[in-house]
>>> print(open('entry19.txt').read())   # compact mmCIF, C-alpha atoms and all ligand atoms
# COMPACT_ATOMS: atom_id res chain seq x y z
CA MET A 1 0.00 0.00 0.00
CA ASP A 2 3.07 2.23 -0.31
CA TYR A 3 1.41 4.08 -3.22
CA LEU A 4 -0.85 5.77 -0.65
CA LEU A 5 2.10 7.00 1.38
CA THR A 6 4.33 10.05 1.10
CA GLU A 7 8.10 9.66 0.77
CA ASP A 8 8.54 10.60 4.43
CA GLN A 9 5.97 8.03 5.51
CA VAL A 10 7.66 5.27 3.49
CA MET A 11 10.98 6.29 5.02
CA MET A 12 9.49 6.07 8.54
CA LYS A 13 8.02 2.63 7.78
CA ASP A 14 11.29 1.29 6.36
CA THR A 15 13.40 2.71 9.17
CA VAL A 16 11.19 1.21 11.89
CA ALA A 17 10.89 -2.10 10.00
CA LYS A 18 14.70 -2.37 9.87
CA PHE A 19 15.02 -1.45 13.55
CA ALA A 20 12.33 -3.98 14.54
CA LYS A 21 13.94 -6.79 12.56
CA GLN A 22 17.45 -6.08 13.84
CA VAL A 23 16.78 -5.09 17.44
CA ILE A 24 13.38 -6.43 18.48
CA GLU A 25 13.05 -9.79 16.73
CA PRO A 26 16.13 -11.41 18.33
CA VAL A 27 14.88 -10.77 21.88
CA ALA A 28 11.09 -10.69 21.49
CA ARG A 29 10.49 -14.34 22.35
CA GLU A 30 12.71 -14.37 25.44
CA ASN A 31 11.33 -11.07 26.72
CA GLN A 32 7.79 -12.46 26.43
CA GLU A 33 8.65 -15.80 28.02
CA LYS A 34 10.43 -14.17 30.95
CA GLU A 35 8.11 -11.17 31.12
CA ILE A 36 11.04 -8.75 30.78
CA TYR A 37 10.08 -5.12 30.18
CA PRO A 38 12.03 -4.05 27.04
CA LYS A 39 13.70 -0.98 28.57
CA GLU A 40 16.69 -0.89 26.20
CA ILE A 41 14.49 -1.32 23.14
CA ILE A 42 12.31 1.57 24.26
CA GLN A 43 15.43 3.71 24.77
CA GLN A 44 16.61 2.87 21.25
CA ALA A 45 13.13 3.54 19.86
CA ALA A 46 13.32 6.94 21.58
CA GLU A 47 16.62 7.65 19.80
CA LEU A 48 14.77 7.09 16.51
CA GLY A 49 12.18 9.67 17.58
CA LEU A 50 9.40 7.11 18.07
CA MET A 51 8.21 8.47 21.42
CA GLY A 52 7.01 11.71 19.85
CA VAL A 53 6.36 10.95 16.18
CA ALA A 54 3.40 13.26 15.55
CA TYR A 55 4.27 16.19 17.82
CA PRO A 56 5.99 19.48 17.00
CA GLU A 57 9.75 19.85 17.20
CA GLU A 58 9.34 22.73 19.65
CA TYR A 59 8.03 20.14 22.16
CA GLY A 60 10.72 17.58 21.35
CA GLY A 61 8.76 15.61 18.75
CA VAL A 62 9.75 14.76 15.17
CA GLU A 63 6.77 16.61 13.71
CA MET A 64 5.49 13.89 11.39
CA ASP A 65 1.83 12.90 11.15
CA PHE A 66 -0.49 10.20 12.50
CA VAL A 67 -0.12 8.00 9.41
CA SER A 68 3.61 7.88 10.19
CA TYR A 69 2.71 7.05 13.80
CA MET A 70 0.38 4.24 12.62
CA LEU A 71 3.16 2.81 10.42
CA ALA A 72 5.68 2.96 13.28
CA ILE A 73 3.38 1.13 15.73
CA GLU A 74 2.57 -1.53 13.12
CA GLU A 75 6.25 -2.17 12.39
CA LEU A 76 7.15 -2.38 16.11
CA SER A 77 4.24 -4.76 16.71
CA ARG A 78 5.24 -6.94 13.75
CA TYR A 79 7.92 -8.45 15.96
CA CYS A 80 6.69 -7.58 19.45
CA ALA A 81 3.17 -6.43 20.34
CA SER A 82 4.42 -5.50 23.83
CA VAL A 83 6.85 -2.95 22.41
CA GLY A 84 4.03 -1.69 20.18
CA VAL A 85 1.62 -1.11 23.05
CA THR A 86 4.30 0.43 25.28
CA VAL A 87 5.00 3.11 22.67
CA SER A 88 1.33 3.46 21.77
CA ALA A 89 0.11 3.93 25.37
CA HIS A 90 2.90 6.46 26.00
CA SER A 91 2.13 8.48 22.85
CA SER A 92 -1.61 8.20 22.43
CA LEU A 93 -2.68 8.14 26.06
CA CYS A 94 -0.21 10.50 27.73
CA VAL A 95 1.60 12.73 25.20
CA ASP A 96 -1.52 13.32 23.10
CA PRO A 97 -3.88 14.61 25.83
CA ILE A 98 -1.14 16.85 27.27
CA PHE A 99 -0.50 18.25 23.79
CA ARG A 100 -4.19 18.73 23.00
CA PHE A 101 -5.57 19.89 26.32
CA GLY A 102 -2.57 21.15 28.32
CA THR A 103 -1.83 24.79 29.05
CA GLU A 104 1.35 26.11 27.44
CA GLU A 105 2.99 25.80 30.87
CA LEU A 106 2.06 22.10 31.14
CA LYS A 107 3.22 21.42 27.58
CA GLN A 108 6.60 23.09 28.23
CA LYS A 109 6.95 21.23 31.51
CA TYR A 110 6.12 17.71 30.30
CA LEU A 111 6.28 17.29 26.53
CA PRO A 112 10.03 17.69 25.80
CA ASP A 113 10.99 14.86 28.19
CA LEU A 114 8.08 12.67 27.04
CA CYS A 115 8.60 13.21 23.30
CA SER A 116 12.34 12.58 23.58
CA GLY A 117 11.66 9.40 25.53
CA GLU A 118 13.60 10.72 28.53
CA LYS A 119 10.39 9.99 30.42
CA LEU A 120 7.67 7.40 29.84
CA GLY A 121 3.96 8.15 30.09
CA CYS A 122 0.77 6.29 30.95
CA MET A 123 -2.92 7.02 31.41
CA ALA A 124 -5.09 5.87 34.32
CA LEU A 125 -8.84 5.78 33.82
CA THR A 126 -9.95 2.21 34.61
CA GLU A 127 -10.87 1.22 38.19
CA PRO A 128 -12.10 -2.05 39.71
CA GLY A 129 -15.73 -0.91 39.39
CA ALA A 130 -15.38 1.22 36.26
CA GLY A 131 -14.24 -0.27 32.96
CA SER A 132 -16.50 0.20 29.94
CA ASP A 133 -18.56 2.61 32.03
CA ALA A 134 -15.83 5.10 32.86
CA SER A 135 -18.39 7.43 34.42
CA GLY A 136 -18.37 5.11 37.44
CA ILE A 137 -14.87 6.06 38.64
CA LYS A 138 -14.48 6.62 42.38
CA THR A 139 -11.03 8.26 42.54
CA THR A 140 -11.48 11.80 43.85
CA ALA A 141 -9.56 15.05 43.50
CA LYS A 142 -10.22 17.82 46.04
CA LEU A 143 -8.76 21.30 45.82
CA GLU A 144 -7.05 22.29 49.08
CA GLY A 145 -5.23 25.62 48.84
CA ASP A 146 -3.07 25.46 45.71
CA LYS A 147 -3.01 21.65 45.52
CA TRP A 148 -5.31 18.96 44.18
CA ILE A 149 -5.43 16.01 46.58
CA LEU A 150 -5.97 12.69 44.77
CA ASN A 151 -7.33 9.58 46.48
CA GLY A 152 -8.26 6.29 44.84
CA SER A 153 -6.86 3.40 42.86
CA LYS A 154 -6.64 2.46 39.21
CA ILE A 155 -6.16 -0.95 37.64
CA PHE A 156 -4.75 -2.51 34.47
CA ILE A 157 -2.56 0.51 33.66
CA THR A 158 -0.26 -0.05 30.67
CA ASN A 159 3.28 1.22 31.45
CA GLY A 160 2.11 1.59 35.07
CA GLY A 161 5.28 0.07 36.55
CA GLU A 162 7.65 2.10 34.37
CA ALA A 163 5.98 5.43 33.67
CA ASP A 164 7.28 8.72 35.07
CA VAL A 165 4.17 10.73 34.21
CA CYS A 166 0.52 9.68 34.37
CA VAL A 167 -2.64 11.31 33.07
CA VAL A 168 -5.16 10.49 35.81
CA PHE A 169 -8.94 10.87 35.74
CA ALA A 170 -10.73 11.68 38.99
CA MET A 171 -14.08 12.93 40.27
CA THR A 172 -13.95 16.61 41.13
CA GLU A 173 -17.71 16.83 41.69
CA PRO A 174 -18.92 13.24 42.27
CA GLU A 175 -22.60 14.22 42.48
CA LYS A 176 -22.42 15.42 38.85
CA LYS A 177 -21.27 11.94 37.77
CA VAL A 178 -19.93 12.07 34.20
CA LYS A 179 -20.04 15.87 34.27
CA GLY A 180 -17.92 15.93 37.42
CA ILE A 181 -14.79 14.18 36.10
CA SER A 182 -11.50 16.05 35.56
CA ALA A 183 -8.10 15.05 34.19
CA PHE A 184 -4.74 15.67 35.85
CA VAL A 185 -1.06 15.25 35.04
CA VAL A 186 0.69 13.47 37.89
CA ASP A 187 4.43 12.85 38.40
CA LYS A 188 5.42 9.41 39.63
CA ASP A 189 7.65 10.82 42.37
CA THR A 190 4.78 12.72 44.03
CA PRO A 191 4.33 11.47 47.62
CA GLY A 192 1.22 9.28 47.80
CA TYR A 193 1.69 7.87 44.26
CA THR A 194 2.30 4.12 44.56
CA ILE A 195 2.68 1.36 42.01
CA GLY A 196 0.50 -1.54 43.16
CA LYS A 197 0.02 -5.07 41.87
CA HIS A 198 1.87 -6.09 38.69
CA GLU A 199 -0.57 -8.09 36.56
CA GLU A 200 0.34 -11.48 35.10
CA LYS A 201 -1.24 -11.56 31.68
CA MET A 202 -2.17 -14.02 28.94
CA GLY A 203 -0.29 -12.07 26.26
CA ILE A 204 1.70 -8.85 25.68
CA LYS A 205 3.71 -10.27 28.53
CA SER A 206 6.70 -7.98 28.35
CA SER A 207 4.59 -4.85 28.64
CA SER A 208 4.04 -3.46 32.13
CA THR A 209 0.46 -3.56 33.45
CA THR A 210 -0.10 -2.50 37.05
CA GLU A 211 -2.38 -1.05 39.62
CA LEU A 212 -1.73 2.58 40.62
CA VAL A 213 -2.72 3.85 44.04
CA PHE A 214 -3.15 7.51 44.99
CA GLN A 215 -3.26 8.26 48.70
CA ASP A 216 -3.44 11.93 49.65
CA CYS A 217 -1.37 12.55 46.56
CA ALA A 218 -0.97 16.36 46.39
CA ILE A 219 -0.29 17.80 42.95
CA PRO A 220 0.00 21.45 41.85
CA LYS A 221 -3.27 23.21 41.03
CA GLU A 222 -1.86 23.96 37.54
CA ASN A 223 -1.71 20.22 36.74
CA LEU A 224 -5.42 20.15 35.95
CA LEU A 225 -5.54 18.99 32.31
CA GLY A 226 -8.20 20.74 30.28
CA GLU A 227 -11.22 22.39 31.89
CA LEU A 228 -12.54 21.54 35.33
CA ASN A 229 -15.28 18.86 35.11
CA LYS A 230 -14.62 18.31 31.39
CA GLY A 231 -12.38 15.29 31.94
CA PHE A 232 -14.78 12.80 30.37
CA LYS A 233 -14.39 14.62 27.07
CA VAL A 234 -10.59 14.50 27.49
CA ALA A 235 -10.83 10.75 28.11
CA MET A 236 -13.07 10.04 25.13
CA MET A 237 -11.02 12.16 22.71
CA THR A 238 -7.82 10.59 24.00
CA LEU A 239 -9.24 7.10 23.49
CA ASP A 240 -10.16 7.93 19.86
CA GLY A 241 -6.44 8.43 19.20
CA GLY A 242 -5.54 5.42 21.32
CA ARG A 243 -7.76 3.21 19.16
CA VAL A 244 -5.73 4.12 16.07
CA GLY A 245 -2.65 2.94 17.99
CA ILE A 246 -4.31 -0.34 18.99
CA ALA A 247 -5.56 -0.92 15.43
CA SER A 248 -1.95 -0.44 14.26
CA GLN A 249 -0.73 -2.88 16.91
CA ALA A 250 -3.29 -5.42 15.66
CA LEU A 251 -2.12 -4.88 12.06
CA GLY A 252 1.44 -5.71 13.10
CA ILE A 253 0.31 -8.98 14.71
CA ALA A 254 -1.84 -9.89 11.67
CA ARG A 255 1.06 -9.25 9.31
CA ALA A 256 3.37 -11.42 11.39
CA CYS A 257 0.80 -14.24 11.07
CA ILE A 258 0.53 -13.81 7.30
CA GLU A 259 4.26 -13.53 6.57
CA GLU A 260 5.21 -16.47 8.75
CA SER A 261 2.36 -18.63 7.44
CA ILE A 262 3.42 -18.02 3.83
CA GLN A 263 7.00 -18.93 4.65
CA TYR A 264 6.03 -22.03 6.63
CA SER A 265 3.60 -23.29 3.99
CA LYS A 266 6.36 -23.14 1.38
CA GLU A 267 8.76 -25.12 3.58
CA ARG A 268 6.45 -27.73 5.09
CA GLU A 269 5.91 -30.76 2.87
CA GLN A 270 3.10 -33.31 3.12
CA PHE A 271 1.93 -35.80 0.50
CA GLY A 272 5.17 -35.15 -1.38
CA LYS A 273 4.73 -31.41 -1.92
CA PRO A 274 4.75 -28.14 0.03
CA ILE A 275 1.43 -27.48 1.78
CA ALA A 276 1.49 -24.10 -0.05
CA ALA A 277 0.42 -26.07 -3.14
CA LEU A 278 -2.83 -27.09 -1.41
CA GLN A 279 -5.85 -24.97 -2.23
CA ALA A 280 -7.12 -25.19 1.37
CA ILE A 281 -3.95 -23.41 2.54
CA GLN A 282 -3.95 -20.91 -0.35
CA TRP A 283 -7.52 -19.89 0.45
CA MET A 284 -6.72 -19.33 4.10
CA LEU A 285 -3.78 -17.13 3.09
CA ALA A 286 -5.92 -15.25 0.56
CA ASP A 287 -8.55 -14.53 3.24
CA MET A 288 -5.89 -13.38 5.71
CA ALA A 289 -4.30 -11.02 3.17
CA THR A 290 -7.66 -9.57 2.08
CA GLU A 291 -8.85 -8.97 5.63
CA TYR A 292 -5.49 -7.42 6.56
CA ASP A 293 -5.75 -4.97 3.66
CA ALA A 294 -9.32 -4.01 4.67
CA ALA A 295 -8.16 -3.39 8.26
CA TRP A 296 -5.09 -1.46 7.07
CA LEU A 297 -7.21 0.83 4.89
CA LEU A 298 -9.63 1.55 7.74
CA THR A 299 -6.72 2.35 10.05
CA TYR A 300 -5.07 4.51 7.39
CA ARG A 301 -8.33 6.44 6.96
CA ALA A 302 -8.66 7.09 10.69
CA SER A 303 -4.98 8.15 10.93
CA LEU A 304 -5.34 10.46 7.94
CA LEU A 305 -8.45 12.12 9.39
CA LYS A 306 -6.69 12.64 12.73
CA SER A 307 -3.71 14.17 10.93
CA GLN A 308 -6.06 16.52 9.08
CA GLY A 309 -7.76 17.58 12.32
CA LYS A 310 -11.11 16.23 11.10
CA PRO A 311 -13.61 14.19 13.20
CA TYR A 312 -12.62 10.52 13.29
CA THR A 313 -14.37 8.95 16.32
CA LYS A 314 -16.43 6.52 14.21
CA GLU A 315 -13.51 5.75 11.89
CA ALA A 316 -11.16 5.03 14.82
CA ALA A 317 -13.74 2.68 16.36
CA MET A 318 -14.25 0.88 13.04
CA ALA A 319 -10.49 0.54 12.53
CA LYS A 320 -9.87 -0.82 16.03
CA MET A 321 -12.82 -3.23 15.81
CA LYS A 322 -11.88 -4.56 12.39
CA ALA A 323 -8.11 -4.74 12.89
CA SER A 324 -8.40 -6.52 16.25
CA GLU A 325 -10.80 -9.11 14.84
CA VAL A 326 -8.56 -9.61 11.82
CA ALA A 327 -5.54 -10.08 14.11
CA VAL A 328 -7.31 -12.80 16.12
CA ASP A 329 -8.58 -14.50 12.96
CA CYS A 330 -5.14 -14.37 11.31
CA ALA A 331 -3.55 -15.84 14.45
CA LEU A 332 -6.07 -18.72 14.48
CA LYS A 333 -5.44 -19.37 10.79
CA ALA A 334 -1.66 -19.16 11.31
CA ILE A 335 -1.96 -21.85 14.00
CA GLN A 336 -4.05 -23.99 11.66
CA ILE A 337 -1.56 -23.61 8.81
CA HIS A 338 1.30 -24.55 11.15
CA GLY A 339 -0.68 -27.65 12.24
CA GLY A 340 0.55 -29.23 15.49
CA TYR A 341 3.62 -27.00 15.45
CA GLY A 342 1.36 -23.97 15.56
CA TYR A 343 0.09 -25.15 18.94
CA MET A 344 3.59 -25.42 20.39
CA ARG A 345 5.28 -22.67 22.41
CA GLU A 346 8.39 -23.14 20.30
CA TYR A 347 6.63 -21.51 17.33
CA ASN A 348 5.29 -17.97 17.15
CA PRO A 349 1.60 -18.36 16.18
CA GLU A 350 0.32 -19.26 19.67
CA ARG A 351 2.03 -16.10 21.02
CA TYR A 352 0.43 -14.06 18.27
CA LEU A 353 -2.99 -15.35 19.29
CA ARG A 354 -2.39 -14.48 22.95
CA ASP A 355 -1.17 -11.01 21.92
CA ALA A 356 -4.04 -10.45 19.46
CA ILE A 357 -6.86 -11.14 21.93
CA ILE A 358 -6.15 -8.07 24.06
CA THR A 359 -6.62 -5.77 21.06
CA LYS A 360 -10.34 -6.67 21.18
CA ILE A 361 -10.54 -5.60 24.82
CA TYR A 362 -8.46 -2.57 25.77
CA GLU A 363 -9.10 1.09 24.94
CA GLY A 364 -12.77 0.12 24.67
CA THR A 365 -13.99 -3.42 24.05
CA ASN A 366 -15.28 -4.28 20.60
CA GLU A 367 -18.81 -4.31 22.01
CA ILE A 368 -18.26 -0.68 22.98
CA MET A 369 -16.74 -0.01 19.52
CA ARG A 370 -19.98 -1.29 17.99
CA LEU A 371 -21.93 1.10 20.24
CA VAL A 372 -19.72 4.00 19.09
CA VAL A 373 -20.22 3.11 15.43
CA SER A 374 -23.96 2.47 15.69
CA SER A 375 -24.61 5.67 17.65
CA SER A 376 -22.70 7.56 14.99
CA ILE A 377 -24.52 6.10 11.97
CA MET A 378 -27.99 6.14 13.54
CA LYS A 379 -28.08 9.80 14.64
C1 LIG B 1 -3.71 -5.53 29.41
C2 LIG B 1 -4.62 -4.37 29.68
C3 LIG B 1 -4.12 -3.07 29.61
C4 LIG B 1 -4.95 -1.98 29.88
N1 LIG B 1 -4.42 -0.71 29.87
C5 LIG B 1 -5.17 0.32 30.35
C6 LIG B 1 -4.60 1.63 30.54
O1 LIG B 1 -3.44 1.88 30.20
N2 LIG B 1 -5.36 2.59 31.11
C7 LIG B 1 -6.64 2.37 31.50
O2 LIG B 1 -7.26 3.29 32.04
N3 LIG B 1 -7.23 1.17 31.31
C8 LIG B 1 -6.52 0.14 30.77
N4 LIG B 1 -7.09 -1.10 30.59
C9 LIG B 1 -8.49 -1.29 30.91
C10 LIG B 1 -9.36 -1.61 29.70
O3 LIG B 1 -9.52 -0.47 28.89
C11 LIG B 1 -10.66 -2.21 30.21
O4 LIG B 1 -10.35 -3.50 30.68
C12 LIG B 1 -11.74 -2.28 29.16
O5 LIG B 1 -12.17 -0.98 28.81
C13 LIG B 1 -12.94 -3.10 29.61
O6 LIG B 1 -13.34 -2.79 30.90
P1 LIG B 1 -13.58 -3.99 31.96
O7 LIG B 1 -12.37 -4.83 31.92
O8 LIG B 1 -13.97 -3.41 33.25
O9 LIG B 1 -14.77 -4.82 31.36
P2 LIG B 1 -16.35 -4.54 31.56
O10 LIG B 1 -16.65 -3.12 31.28
O11 LIG B 1 -16.78 -5.07 32.88
O12 LIG B 1 -16.98 -5.42 30.41
C14 LIG B 1 -17.25 -6.81 30.55
C15 LIG B 1 -17.99 -7.27 29.29
O13 LIG B 1 -19.25 -6.59 29.18
C16 LIG B 1 -19.32 -5.94 27.93
N5 LIG B 1 -20.04 -4.67 28.05
C17 LIG B 1 -19.90 -3.73 29.02
N6 LIG B 1 -20.72 -2.71 28.78
C18 LIG B 1 -21.39 -2.99 27.65
C19 LIG B 1 -22.41 -2.33 26.87
N7 LIG B 1 -22.89 -1.13 27.23
N8 LIG B 1 -22.87 -2.95 25.74
C20 LIG B 1 -22.39 -4.16 25.36
N9 LIG B 1 -21.45 -4.84 26.06
C21 LIG B 1 -20.96 -4.26 27.17
C22 LIG B 1 -17.87 -5.69 27.52
O14 LIG B 1 -17.73 -5.48 26.14
C23 LIG B 1 -17.23 -6.98 28.00
O15 LIG B 1 -17.44 -8.00 27.06
C24 LIG B 1 -6.29 -2.19 30.25
C25 LIG B 1 -6.80 -3.51 30.29
C26 LIG B 1 -5.98 -4.57 30.03
C27 LIG B 1 -6.56 -5.96 30.12
>>> encode(input="entry19.txt", output="structure tokens", more="lines below")
Ligand SMILES: Cc1cc2nc3c(=O)[nH]c(=O)nc-3n(C[C@H](O)[C@H](O)[C@H](O)COP(=O)(O)OP(=O)(O)OC[C@H]3O[C@@H](n4cnc5c(N)ncnc54)[C@H](O)[C@@H]3O)c2cc1C
Amino acid sequence: MDYLLTEDQVMMKDTVAKFAKQVIEPVARENQEKEIYPKEIIQQAAELGLMGVAYPEEYGGVEMDFVSYMLAIEELSRYCASVGVTVSAHSSLCVDPIFRFGTEELKQKYLPDLCSGEKLGCMALTEPGAGSDASGIKTTAKLEGDKWILNGSKIFITNGGEADVCVVFAMTEPEKKVKGISAFVVDKDTPGYTIGKHEEKMGIKSSSTTELVFQDCAIPKENLLGELNKGFKVAMMTLDGGRVGIASQALGIARACIEESIQYSKEREQFGKPIAALQAIQWMLADMATEYDAAWLLTYRASLLKSQGKPYTKEAAMAKMKASEVAVDCALKAIQIHGGYGYMREYNPERYLRDAIITKIYEGTNEIMRLVVSSSIMK
């Protein structure tokens, strides 16, 4: 699909593809098996400018666009979905809301270190009782003098164990429910900010997912992100961008399944010929490639609209829904094509399936994506 891309976008894709092949592929399996957070890889990705792809140079970014960002996340996820989500959560869920909703003071304070990768970001919305229904959060923020005092706990936070800066959502006027939520930028070293339980997951095992606890955590009044009580809007707009990142992550997993299945089917012989010569295998590969292209085009459209500053909520939901379902389907087909070997830990397809499943769940489940799409088309 390079004919749809600019020269700069192709260059970004090729650069990240080379980096992923050389640096990520050799260690991806071991990092996943041992649940090792890929700190050095993230540092090297930062040197390539991947922690601030779509943000202005004046804030430390490389000032490209969201199509370039999509391509970068896909290429990282081609070899390791954990690296893909680490960069995606940092960029889409922390850098993006600070860039879009932060005061100039907040942008100057946080963006240069985040975009350069000096610091890692995360975003904390989900709580034990509030997942799909984010309006049910119980974490509170009370203004006392010139400080906001945060109390509450968040779960399942990507980058939680490693992040230096967190965008946190809390109730500032609980009685107003969804209209009483505000967003805040919180530094990890603030007293009262604690990293809680580290989750053991089914897939994306080398990414960090933790609980975050805020106990009388006092942050400067100026760290309110966006308008008071307008945090729900910040969360929803942030998640639109996040969904483009997750769709891109899913594309990387799907492509891994396709490329490795083609290679395997040419090497594996049964009945005296490569299984690639069997129509049953060819048809599975044809379906995988067609579905991947459909998902890629939807993700490209959403990324393009975001780059152009146009509305893209529906398009981001469609892209995330389609790409995640394609990733799971491609992983199942890759296992089938690999036969018994596909079921073994020694081969990649079972890891791709475990990694693909989460893309249907986080940053809004696919049931919620269908609600977003249907409410948009049935207005
Ligand atoms: C590995 C991982 C990383 C994550 N990272 C982050 C992060 O960085 N920051 C963060 O804030 N959160 C994060 N999350 C949380 C994630 O976004 C939520 O898990 C997700 O939104 C679903 O919420 P839930 O788990 O509470 O499920 P629930 O909301 O309880 O949903 C359970 C089921 O009910 C369905 N359902 C719920 N409501 C509806 C409805 N109205 N219509 C139809 N079906 C419905 C859901 O689709 C799902 O199938 C992460 C989660 C995981 C697993």
>>> atom_distance(input="entry19.txt", atom1="atom O12 of ligand LIG 1 (chain B)", atom2="atom CA of Gly136 of chain A")
12.7 Å
>>> residues_around(input="entry19.txt", residues="Ala235 of chain A", least_positions_apart="6", cutoff="12 Å", atoms="only C-alpha atoms", output="JSON, numbers by chain")
{"A": [92, 93, 94, 96, 97, 98, 100, 101, 123, 124, 125, 126, 133, 134, 135, 167, 168, 169, 170, 178, 181, 182, 183, 184, 225, 226, 229, 241, 242, 363, 364]}
>>> closest_residue(input="entry19.txt", among="A:Ala89, A:Ile246, A:Leu50, A:Val10", to="Val62 of chain A", atoms="only C-alpha atoms")
A:Leu50
>>> closest_residue(input="entry19.txt", among="A:Val53, A:Leu239, A:Met70, A:Cys122", to="Val372 of chain A", atoms="only C-alpha atoms")
A:Leu239
>>> residues_near_ligand(input="entry19.txt", ligand="ligand LIG 1 (chain B)", cutoff="8 Å", atoms="only C-alpha atoms and all ligand atoms", output="CSV table (one decimal) with C-alpha atoms, in the frame of the given file")
chain,number,residue,atom,x,y,z
A,89,ALA,CA,0.1,3.9,25.4
A,93,LEU,CA,-2.7,8.1,26.1
A,122,CYS,CA,0.8,6.3,31.0
A,123,MET,CA,-2.9,7.0,31.4
A,124,ALA,CA,-5.1,5.9,34.3
A,125,LEU,CA,-8.8,5.8,33.8
A,126,THR,CA,-10.0,2.2,34.6
A,127,GLU,CA,-10.9,1.2,38.2
A,128,PRO,CA,-12.1,-2.0,39.7
A,129,GLY,CA,-15.7,-0.9,39.4
A,130,ALA,CA,-15.4,1.2,36.3
A,131,GLY,CA,-14.2,-0.3,33.0
A,132,SER,CA,-16.5,0.2,29.9
A,133,ASP,CA,-18.6,2.6,32.0
A,154,LYS,CA,-6.6,2.5,39.2
A,155,ILE,CA,-6.2,-1.0,37.6
A,156,PHE,CA,-4.8,-2.5,34.5
A,157,ILE,CA,-2.6,0.5,33.7
A,158,THR,CA,-0.3,0.0,30.7
A,159,ASN,CA,3.3,1.2,31.4
A,160,GLY,CA,2.1,1.6,35.1
A,201,LYS,CA,-1.2,-11.6,31.7
A,204,ILE,CA,1.7,-8.8,25.7
A,209,THR,CA,0.5,-3.6,33.4
A,358,ILE,CA,-6.2,-8.1,24.1
A,361,ILE,CA,-10.5,-5.6,24.8
A,362,TYR,CA,-8.5,-2.6,25.8
A,363,GLU,CA,-9.1,1.1,24.9
A,364,GLY,CA,-12.8,0.1,24.7
A,365,THR,CA,-14.0,-3.4,24.0
A,366,ASN,CA,-15.3,-4.3,20.6
A,367,GLU,CA,-18.8,-4.3,22.0
A,368,ILE,CA,-18.3,-0.7,23.0
A,371,LEU,CA,-21.9,1.1,20.2
>>> atom_distance(input="entry19.txt", atom1="atom CA of Thr6 of chain A", atom2="atom CA of Phe66 of chain A")
12.4 Å
>>> residues_near_point(input="entry19.txt", point="(6.6, -16.3, 7.9)", cutoff="12 Å", atoms="all atoms listed in the file", output="list in words")
Arg78, Tyr79, Ile253, Ala254, Arg255, Ala256, Cys257, Ile258, Glu259, Glu260, Ser261, Ile262, Gln263, Tyr264, Ser265, Lys266, Glu267, Arg268, Leu285, Ala334, Ile335, Ile337, His338, Tyr347, Asn348 and Pro349 of chain A
>>> atom_distance(input="entry19.txt", atom1="atom CA of Gln9 of chain A", atom2="atom CA of Leu76 of chain A")
14.9 Å
>>> axis_aligned_box(input="entry19.txt", around="segment 33-41 of chain A", padding_each_side="5 Å", output="JSON")
{"center_x": 12.4, "center_y": -8.3, "center_z": 27.1, "size_x": 18.6, "size_y": 24.9, "size_z": 18.0}
>>> closest_residue(input="entry19.txt", among="A:Lys21, A:Lys109, A:Arg354, A:Lys177", to="Asp329 of chain A", atoms="only C-alpha atoms")
A:Arg354
>>> residues_around(input="entry19.txt", residues="Val326 of chain A", least_positions_apart="2", cutoff="9 Å", atoms="all atoms listed in the file", output="list in words")
Ala250, Leu251, Ala254, Met288, Glu291, Tyr292, Ala295, Met321, Lys322, Ala323, Ser324, Val328, Asp329, Cys330, Ala331 and Ala356 of chain A
>>> write_last_selection(input="entry19.txt", atoms="C-alpha atoms", output="short mmCIF file (atom, residue, chain, number, x, y, z; two decimals), in the frame of the given file")
data_model
loop_
_atom_site.label_atom_id
_atom_site.label_comp_id
_atom_site.auth_asym_id
_atom_site.auth_seq_id
_atom_site.Cartn_x
_atom_site.Cartn_y
_atom_site.Cartn_z
CA ALA A 250 -3.29 -5.42 15.66
CA LEU A 251 -2.12 -4.88 12.06
CA ALA A 254 -1.84 -9.89 11.67
CA MET A 288 -5.89 -13.38 5.71
CA GLU A 291 -8.85 -8.97 5.63
CA TYR A 292 -5.49 -7.42 6.56
CA ALA A 295 -8.16 -3.39 8.26
CA MET A 321 -12.82 -3.23 15.81
CA LYS A 322 -11.88 -4.56 12.39
CA ALA A 323 -8.11 -4.74 12.89
CA SER A 324 -8.40 -6.52 16.25
CA VAL A 328 -7.31 -12.80 16.12
CA ASP A 329 -8.58 -14.50 12.96
CA CYS A 330 -5.14 -14.37 11.31
CA ALA A 331 -3.55 -15.84 14.45
CA ALA A 356 -4.04 -10.45 19.46
#
>>> residues_around(input="entry19.txt", residues="Lys18 of chain A", least_positions_apart="2", cutoff="12 Å", atoms="all atoms listed in the file", output="list in words")
Met11, Met12, Lys13, Asp14, Thr15, Val16, Ala20, Lys21, Gln22, Val23, Ile24, Glu25, Ala45, Leu48, Ala72, Glu75, Leu76, Arg78 and Tyr79 of chain A
